[in-house]
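> You'll find coords29.cif just under this line, and it carries mmCIF, C-alpha atoms.
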```
data_run
#
loop_
_atom_site.group_PDB
_atom_site.id
_atom_site.type_symbol
_atom_site.label_atom_id
_atom_site.label_comp_id
_atom_site.auth_asym_id
_atom_site.auth_seq_id
_atom_site.Cartn_x
_atom_site.Cartn_y
_atom_site.Cartn_z
ATOM 1 C CA MET M 1 -21.658 -5.991 -3.676
ATOM 2 C CA SER M 2 -23.469 -8.520 -5.841
ATOM 3 C CA ARG M 3 -24.909 -7.663 -9.238
ATOM 4 C CA GLN M 4 -28.410 -8.194 -7.909
ATOM 5 C CA ARG M 5 -27.833 -5.856 -4.977
ATOM 6 C CA MET M 6 -26.310 -3.295 -7.328
ATOM 7 C CA ALA M 7 -29.363 -3.459 -9.597
ATOM 8 C CA GLU M 8 -31.633 -2.999 -6.575
ATOM 9 C CA LEU M 9 -29.608 0.021 -5.464
ATOM 10 C CA LEU M 10 -29.836 1.708 -8.855
ATOM 11 C CA ALA M 11 -33.561 0.908 -9.077
ATOM 12 C CA TRP M 12 -33.952 2.623 -5.705
ATOM 13 C CA THR M 13 -32.308 5.799 -7.072
ATOM 14 C CA GLU M 14 -34.923 5.966 -9.811
ATOM 15 C CA ARG M 15 -37.828 5.409 -7.418
ATOM 16 C CA VAL M 16 -36.795 8.113 -4.957
ATOM 17 C CA ASP M 17 -35.003 10.448 -7.399
ATOM 18 C CA GLY M 18 -31.774 9.746 -5.513
ATOM 19 C CA TRP M 19 -28.093 9.380 -6.302
ATOM 20 C CA VAL M 20 -25.343 6.886 -5.654
ATOM 21 C CA ILE M 21 -21.888 8.236 -4.848
ATOM 22 C CA GLU M 22 -19.066 5.911 -5.891
ATOM 23 C CA ASP M 23 -15.711 6.626 -4.277
ATOM 24 C CA HIS M 24 -12.689 5.769 -6.443
ATOM 25 C CA ASP M 25 -10.157 6.610 -3.721
ATOM 26 C CA ASP M 26 -8.687 3.096 -3.583
ATOM 27 C CA PRO M 27 -5.503 2.980 -5.721
ATOM 28 C CA GLY M 28 -6.344 -0.578 -6.777
ATOM 29 C CA SER M 29 -9.536 0.598 -8.461
ATOM 30 C CA TRP M 30 -7.413 2.261 -11.176
ATOM 31 C CA THR M 31 -5.467 -0.806 -12.232
ATOM 32 C CA GLU M 32 -7.198 -4.001 -11.113
ATOM 33 C CA PRO M 33 -10.535 -5.653 -11.970
ATOM 34 C CA SER M 34 -12.998 -5.552 -9.129
ATOM 35 C CA ALA M 35 -16.421 -6.730 -8.064
ATOM 36 C CA PRO M 36 -19.408 -5.069 -9.744
ATOM 37 C CA THR M 37 -19.658 -1.357 -8.995
ATOM 38 C CA PRO M 38 -22.210 1.340 -9.860
ATOM 39 C CA CYS M 39 -19.799 2.545 -12.541
ATOM 40 C CA GLN M 40 -20.437 -0.632 -14.542
ATOM 41 C CA PHE M 41 -24.214 -0.242 -14.395
ATOM 42 C CA ASP M 42 -24.474 3.547 -14.499
ATOM 43 C CA ASN M 43 -28.062 4.591 -15.149
ATOM 44 C CA GLY M 44 -27.328 8.311 -14.997
ATOM 45 C CA ARG M 45 -27.853 8.359 -11.223
ATOM 46 C CA VAL M 46 -24.225 7.776 -10.187
ATOM 47 C CA ILE M 47 -21.756 10.434 -9.033
ATOM 48 C CA HIS M 48 -18.101 9.399 -9.229
ATOM 49 C CA ILE M 49 -15.609 11.049 -6.887
ATOM 50 C CA GLY M 50 -11.930 10.570 -6.077
ATOM 51 C CA GLU M 51 -8.664 12.286 -5.321
ATOM 52 C CA PHE M 52 -5.013 11.852 -6.246
ATOM 53 C CA GLY M 53 -3.394 12.223 -2.818
ATOM 54 C CA GLN M 54 -3.186 8.505 -2.072
ATOM 55 C CA VAL M 55 -1.659 7.537 -5.408
ATOM 56 C CA LEU M 56 0.705 10.530 -5.732
ATOM 57 C CA PHE M 57 1.190 12.549 -2.527
ATOM 58 C CA PRO M 58 -1.288 14.097 -0.035
ATOM 59 C CA GLY M 59 0.002 17.644 -0.479
ATOM 60 C CA LEU M 60 -1.193 17.652 -4.093
ATOM 61 C CA ARG M 61 -4.764 18.371 -2.916
ATOM 62 C CA ILE M 62 -6.452 17.650 -6.260
ATOM 63 C CA ALA M 63 -9.753 15.805 -6.369
ATOM 64 C CA TYR M 64 -12.367 15.227 -9.038
ATOM 65 C CA ALA M 65 -16.070 14.572 -9.463
ATOM 66 C CA VAL M 66 -17.784 13.103 -12.513
ATOM 67 C CA VAL M 67 -21.443 14.024 -12.323
ATOM 68 C CA PRO M 68 -24.512 13.677 -14.553
ATOM 69 C CA GLU M 69 -24.958 16.615 -16.898
ATOM 70 C CA GLU M 70 -28.002 17.875 -15.028
ATOM 71 C CA LEU M 71 -25.883 18.371 -11.886
ATOM 72 C CA ALA M 72 -22.853 19.952 -13.543
ATOM 73 C CA ASP M 73 -23.864 23.585 -12.973
ATOM 74 C CA VAL M 74 -24.943 22.987 -9.370
ATOM 75 C CA VAL M 75 -21.749 21.145 -8.468
ATOM 76 C CA THR M 76 -19.563 23.736 -10.228
ATOM 77 C CA THR M 77 -21.242 26.566 -8.325
ATOM 78 C CA ALA M 78 -20.847 24.739 -5.010
ATOM 79 C CA GLN M 79 -17.192 23.982 -5.747
ATOM 80 C CA ARG M 80 -16.387 27.608 -6.570
ATOM 81 C CA ALA M 81 -18.137 28.829 -3.451
ATOM 82 C CA ALA M 82 -16.407 26.311 -1.194
ATOM 83 C CA VAL M 83 -12.898 26.187 -2.670
ATOM 84 C CA GLY M 84 -12.267 29.376 -4.576
ATOM 85 C CA LEU M 85 -9.024 29.379 -6.558
ATOM 86 C CA LEU M 86 -7.807 26.056 -7.950
ATOM 87 C CA PRO M 87 -4.160 24.922 -8.254
ATOM 88 C CA MET M 88 -3.916 25.450 -12.007
ATOM 89 C CA LEU M 89 -0.179 24.726 -12.285
ATOM 90 C CA GLU M 90 -0.514 21.430 -10.423
ATOM 91 C CA GLN M 91 -3.552 20.460 -12.506
ATOM 92 C CA ALA M 92 -1.625 21.142 -15.709
ATOM 93 C CA ALA M 93 1.306 19.022 -14.487
ATOM 94 C CA LEU M 94 -1.058 16.194 -13.541
ATOM 95 C CA ALA M 95 -2.778 16.380 -16.932
ATOM 96 C CA ASP M 96 0.603 16.077 -18.623
ATOM 97 C CA LEU M 97 1.521 13.126 -16.403
ATOM 98 C CA MET M 98 -1.696 11.349 -17.394
ATOM 99 C CA SER M 99 -1.578 12.186 -21.106
ATOM 100 C CA THR M 100 1.943 10.743 -21.478
ATOM 101 C CA ASN M 101 0.989 7.456 -19.748
ATOM 102 C CA HIS M 102 3.453 8.061 -16.905
ATOM 103 C CA PHE M 103 0.535 8.078 -14.466
ATOM 104 C CA MET M 104 -0.541 4.510 -15.296
ATOM 105 C CA ARG M 105 3.034 3.261 -15.023
ATOM 106 C CA HIS M 106 3.273 4.917 -11.628
ATOM 107 C CA LEU M 107 0.007 3.270 -10.551
ATOM 108 C CA ARG M 108 1.291 -0.157 -11.521
ATOM 109 C CA ARG M 109 4.403 0.384 -9.417
ATOM 110 C CA VAL M 110 2.272 1.548 -6.481
ATOM 111 C CA SER M 111 -0.057 -1.441 -6.858
ATOM 112 C CA ASP M 112 2.902 -3.839 -6.890
ATOM 113 C CA ALA M 113 4.390 -2.193 -3.804
ATOM 114 C CA TYR M 114 1.102 -2.379 -1.896
ATOM 115 C CA GLY M 115 0.694 -6.011 -2.911
ATOM 116 C CA GLU M 116 4.160 -6.911 -1.625
ATOM 117 C CA ARG M 117 3.555 -5.116 1.675
ATOM 118 C CA ARG M 118 0.153 -6.772 2.102
ATOM 119 C CA GLU M 119 1.719 -10.218 1.645
ATOM 120 C CA VAL M 120 4.572 -9.424 4.033
ATOM 121 C CA CYS M 121 2.163 -8.191 6.713
ATOM 122 C CA ALA M 122 -0.159 -11.210 6.403
ATOM 123 C CA GLN M 123 2.705 -13.724 6.273
ATOM 124 C CA GLU M 124 4.420 -12.277 9.321
ATOM 125 C CA LEU M 125 1.145 -12.347 11.252
ATOM 126 C CA ARG M 126 0.635 -15.988 10.288
ATOM 127 C CA SER M 127 4.223 -16.783 11.249
ATOM 128 C CA CYS M 128 3.727 -15.246 14.700
ATOM 129 C CA LEU M 129 0.131 -16.257 15.384
ATOM 130 C CA GLY M 130 -0.477 -19.315 13.223
ATOM 131 C CA ASP M 131 -4.140 -19.779 12.395
ATOM 132 C CA SER M 132 -5.367 -18.884 15.864
ATOM 133 C CA LEU M 133 -6.701 -15.458 14.836
ATOM 134 C CA PRO M 134 -8.593 -14.566 11.643
ATOM 135 C CA ILE M 135 -6.999 -12.188 9.148
ATOM 136 C CA GLN M 136 -9.156 -10.383 6.593
ATOM 137 C CA SER M 137 -7.567 -8.723 3.594
ATOM 138 C CA SER M 138 -8.335 -8.103 -0.054
ATOM 139 C CA ALA M 139 -6.406 -7.737 -3.286
ATOM 140 C CA ARG M 140 -6.931 -3.969 -3.051
ATOM 141 C CA GLY M 141 -6.538 -1.318 -0.423
ATOM 142 C CA THR M 142 -3.841 -0.583 2.140
ATOM 143 C CA HIS M 143 -5.267 -2.158 5.306
ATOM 144 C CA LEU M 144 -6.118 -5.562 6.710
ATOM 145 C CA ILE M 145 -8.212 -6.614 9.700
ATOM 146 C CA LEU M 146 -6.934 -8.858 12.483
ATOM 147 C CA GLY M 147 -9.395 -10.660 14.738
ATOM 148 C CA LEU M 148 -8.754 -10.848 18.478
ATOM 149 C CA PRO M 149 -9.511 -13.593 21.029
ATOM 150 C CA PRO M 150 -12.795 -13.362 22.955
ATOM 151 C CA GLY M 151 -12.446 -11.197 26.011
ATOM 152 C CA VAL M 152 -9.535 -9.191 24.660
ATOM 153 C CA SER M 153 -10.222 -5.461 24.221
ATOM 154 C CA ALA M 154 -9.176 -3.928 20.927
ATOM 155 C CA ASP M 155 -8.780 -0.559 22.644
ATOM 156 C CA GLU M 156 -6.406 -2.133 25.167
ATOM 157 C CA ILE M 157 -4.285 -3.612 22.367
ATOM 158 C CA VAL M 158 -4.235 -0.257 20.558
ATOM 159 C CA ALA M 159 -3.021 1.553 23.689
ATOM 160 C CA ALA M 160 -0.384 -1.076 24.467
ATOM 161 C CA GLY M 161 0.735 -1.103 20.848
ATOM 162 C CA ARG M 162 1.390 2.620 20.846
ATOM 163 C CA ARG M 163 3.643 2.203 23.865
ATOM 164 C CA SER M 164 5.578 -0.337 21.776
ATOM 165 C CA ARG M 165 5.689 1.933 18.694
ATOM 166 C CA VAL M 166 2.960 0.035 16.841
ATOM 167 C CA ARG M 167 0.054 1.973 15.382
ATOM 168 C CA ALA M 168 -3.178 0.020 15.067
ATOM 169 C CA TYR M 169 -6.835 1.014 15.224
ATOM 170 C CA ALA M 170 -9.862 -0.611 16.776
ATOM 171 C CA LEU M 171 -12.360 -1.581 14.089
ATOM 172 C CA SER M 172 -15.179 -0.292 16.298
ATOM 173 C CA GLN M 173 -13.988 3.305 15.942
ATOM 174 C CA PHE M 174 -15.066 3.259 12.286
ATOM 175 C CA TYR M 175 -18.704 2.481 13.186
ATOM 176 C CA ALA M 176 -21.344 5.079 13.972
ATOM 177 C CA ASN M 177 -22.729 2.578 16.494
ATOM 178 C CA PRO M 178 -19.821 0.502 17.848
ATOM 179 C CA ASP M 179 -21.996 -1.616 20.144
ATOM 180 C CA GLY M 180 -21.724 -5.264 19.218
ATOM 181 C CA VAL M 181 -18.711 -4.833 16.921
ATOM 182 C CA PRO M 182 -16.399 -7.816 17.537
ATOM 183 C CA PRO M 183 -12.851 -7.120 18.752
ATOM 184 C CA ARG M 184 -10.809 -6.446 15.626
ATOM 185 C CA LEU M 185 -7.731 -4.419 14.767
ATOM 186 C CA VAL M 186 -7.266 -2.412 11.570
ATOM 187 C CA LEU M 187 -3.633 -2.551 10.455
ATOM 188 C CA GLY M 188 -2.261 -0.272 7.741
ATOM 189 C CA TYR M 189 0.675 -1.316 5.592
ATOM 190 C CA GLY M 190 0.641 1.075 2.619
ATOM 191 C CA ALA M 191 3.232 3.572 3.880
ATOM 192 C CA THR M 192 5.553 1.087 5.599
ATOM 193 C CA PRO M 193 8.499 -0.644 3.881
ATOM 194 C CA PRO M 194 8.591 -4.473 4.190
ATOM 195 C CA ASP M 195 11.460 -4.624 6.728
ATOM 196 C CA GLU M 196 9.701 -2.138 9.001
ATOM 197 C CA LEU M 197 6.470 -4.097 8.612
ATOM 198 C CA ARG M 198 8.170 -7.277 9.799
ATOM 199 C CA ALA M 199 9.576 -5.523 12.854
ATOM 200 C CA GLY M 200 6.235 -3.877 13.608
ATOM 201 C CA VAL M 201 4.323 -7.156 13.333
ATOM 202 C CA HIS M 202 6.741 -8.815 15.753
ATOM 203 C CA ARG M 203 6.227 -5.994 18.253
ATOM 204 C CA LEU M 204 2.459 -6.327 17.856
ATOM 205 C CA CYS M 205 2.657 -10.082 18.408
ATOM 206 C CA SER M 206 4.618 -9.473 21.619
ATOM 207 C CA VAL M 207 1.894 -7.101 22.800
ATOM 208 C CA LEU M 208 -0.781 -9.667 21.955
ATOM 209 C CA GLY M 209 1.131 -12.364 23.825
ATOM 210 C CA GLU M 210 1.401 -10.228 26.939
ATOM 211 C CA ILE M 211 -2.295 -9.284 26.981
ATOM 212 C CA LYS M 212 -3.801 -12.523 25.656
ATOM 213 C CA GLU M 213 -2.398 -14.818 28.338
ATOM 214 C CA PRO M 214 -4.316 -13.264 31.274
ATOM 215 C CA ALA M 215 -7.492 -13.332 29.171
ATOM 216 C CA LEU M 216 -7.154 -17.081 28.667
ATOM 217 C CA VAL M 217 -6.677 -17.884 32.371
#
```
Before anything else, please render the file you have as structure tokens.

Amino acid sequence: MSRQRMAELLAWTERVDGWVIEDHDDPGSWTEPSAPTPCQFDNGRVIHIGEFGQVLFPGLRIAYAVVPEELADVVTTAQRAAVGLLPMLEQAALADLMSTNHFMRHLRRVSDAYGERREVCAQELRSCLGDSLPIQSSARGTHLILGLPPGVSADEIVAAGRRSRVRAYALSQFYANPDGVPPRLVLGYGATPPDELRAGVHRLCSVLGEIKEPALV
């Protein structure tokens, strides 16, 4: 989001007495510079949320919210009503991990691993497909988006991929209104070692080759 658009968004919060919720769930947001975010232009109308499952392990079940002072009591009351008891031992262990700088070292290792897997996934796709299909990725995150040829159904590729032990998702399933969404696949690489990624990409390319040829006739 551009700086101008960000300023417009924060101006809107003041006009309508609204709030912006900024999600810090992406592991890259901890360690890498990014495009302008509400955090950098906080006017007291931004709520910051996140959780530690993606950067540590999902079973940890610890999240956080940084809210303006005027909302602290309301959010605390809602949290206690909705959650009840908190994992105090796990929170204490996490606090110790962060205070001794082990957490940041862990994040750097995670970021490096995700970066390597992203490059492997993109390179293998290029090796199999050349430049015939667009690939969208970013320096952060754990997914990339693969474009499909006109006339090829993303849902059909997803179904065929599962039969070949490849898990992919149609981009349209992440839209409230999927009408008009171009055929795209969402491919995750964060939890897959490089060698398994290479094998999975080759299986996906075989599926694409089998389905794409009839579509081009």
> Show me the residues close to (-14.7, 13.2, -2.9) - anything with an atom within 10 Å, counting all atoms listed in the file - and format the list as a list in words.
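Returned residue set, sorted by chain then number, is Ile21, Glu22, Asp23, His24, Asp25, Ile47, His48, Ile49, Gly50, Glu51, Ile62, Ala63, Tyr64 and Ala65 of chain M.
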> For M:Leu144, please output as an mmCIF file with C-alpha atoms, keeping the file's coordinate frame all residues within 7 Å (counting only C-alpha atoms; exclusion window: fewer than 5 positions along the same chain).

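Output file out.cif follows:
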```
data_model
loop_
_atom_site.group_PDB
_atom_site.id
_atom_site.type_symbol
_atom_site.label_atom_id
_atom_site.label_comp_id
_atom_site.auth_asym_id
_atom_site.auth_seq_id
_atom_site.Cartn_x
_atom_site.Cartn_y
_atom_site.Cartn_z
ATOM 1 C CA GLN M 136 -9.156 -10.383 6.593
ATOM 2 C CA SER M 137 -7.567 -8.723 3.594
ATOM 3 C CA VAL M 186 -7.266 -2.412 11.570
ATOM 4 C CA LEU M 187 -3.633 -2.551 10.455
ATOM 5 C CA GLY M 188 -2.261 -0.272 7.741
#
```
> Tell me which protein, DNA and RNA residues are within 12 Å of M:Ile211, counting only C-alpha atoms, leaving out same-chain ones fewer than 3 positions away, and put them as a PDB file with C-alpha atoms, in the coordinates of the input.

```
ATOM      1  CA  LEU M 148      -8.754 -10.848  18.478  1.00  0.00           C
ATOM      2  CA  PRO M 149      -9.511 -13.593  21.029  1.00  0.00           C
ATOM      3  CA  PRO M 150     -12.795 -13.362  22.955  1.00  0.00           C
ATOM      4  CA  GLY M 151     -12.446 -11.197  26.011  1.00  0.00           C
ATOM      5  CA  VAL M 152      -9.535  -9.191  24.660  1.00  0.00           C
ATOM      6  CA  SER M 153     -10.222  -5.461  24.221  1.00  0.00           C
ATOM      7  CA  ALA M 154      -9.176  -3.928  20.927  1.00  0.00           C
ATOM      8  CA  ASP M 155      -8.780  -0.559  22.644  1.00  0.00           C
ATOM      9  CA  GLU M 156      -6.406  -2.133  25.167  1.00  0.00           C
ATOM     10  CA  ILE M 157      -4.285  -3.612  22.367  1.00  0.00           C
ATOM     11  CA  VAL M 158      -4.235  -0.257  20.558  1.00  0.00           C
ATOM     12  CA  ALA M 159      -3.021   1.553  23.689  1.00  0.00           C
ATOM     13  CA  ALA M 160      -0.384  -1.076  24.467  1.00  0.00           C
ATOM     14  CA  GLY M 161       0.735  -1.103  20.848  1.00  0.00           C
ATOM     15  CA  LEU M 204       2.459  -6.327  17.856  1.00  0.00           C
ATOM     16  CA  CYS M 205       2.657 -10.082  18.408  1.00  0.00           C
ATOM     17  CA  SER M 206       4.618  -9.473  21.619  1.00  0.00           C
ATOM     18  CA  VAL M 207       1.894  -7.101  22.800  1.00  0.00           C
ATOM     19  CA  LEU M 208      -0.781  -9.667  21.955  1.00  0.00           C
ATOM     20  CA  PRO M 214      -4.316 -13.264  31.274  1.00  0.00           C
ATOM     21  CA  ALA M 215      -7.492 -13.332  29.171  1.00  0.00           C
ATOM     22  CA  LEU M 216      -7.154 -17.081  28.667  1.00  0.00           C
ATOM     23  CA  VAL M 217      -6.677 -17.884  32.371  1.00  0.00           C
TER      24      VAL M 217
END
```
> Report as a ChimeraX atom specification the full result of the PyMOL selection byres ((chain M and resi 9) around 12) when it is applied to this structure.
/M:1-8,10-21,37-38,41-43,45-46
> Distance atom CA of M:His106-atom CA of M:Phe52, one decimal place?
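Taking atom CA of M:His106 and atom CA of M:Phe52, their separation equals 12.1 Å.
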> Using all atoms listed in the file, find the one residue out of M:Gly115, M:Ala191, M:Leu89, M:Arg163 that sits nearest to M:Phe57.
M:Ala191
> Could you check which of M:Arg184, M:Leu60, M:Arg162, M:Asn177 is closest to M:Ala93, using all atoms listed in the file?
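Smallest distance to M:Ala93 is found for M:Leu60.
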> With distances taken over all atoms listed in the file, which residue among M:Ile135, M:Met98, M:Cys128, M:Val201 lies nearest M:Arg167?
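Of M:Ile135, M:Met98, M:Cys128, M:Val201, the one nearest M:Arg167, counting all atoms listed in the file, is M:Val201.
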> For M:Thr142, work out the shell of residues within 7 Å, counting all atoms listed in the file and skipping chain neighbours fewer than 2 positions away, then give it as a list in words.
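Listing them by chain and then by number gives Tyr114, Arg140, Gly188, Tyr189 and Gly190 of chain M.
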> Once you add 5 Å to each side, what are the centre and edge lengths of the axis-aligned box holding all listed atoms of stretch 121-137 of chain M? One decimal in Å, as JSON, if you can.

```
{"center_x": -2.4, "center_y": -14.0, "center_z": 9.7, "size_x": 23.6, "size_y": 21.6, "size_z": 22.3}
```
> Given only C-alpha atoms as the basis, pick out the residue of M:Pro194, M:Ala170, M:Leu56, M:Leu97 nearest to M:Glu119.
M:Pro194
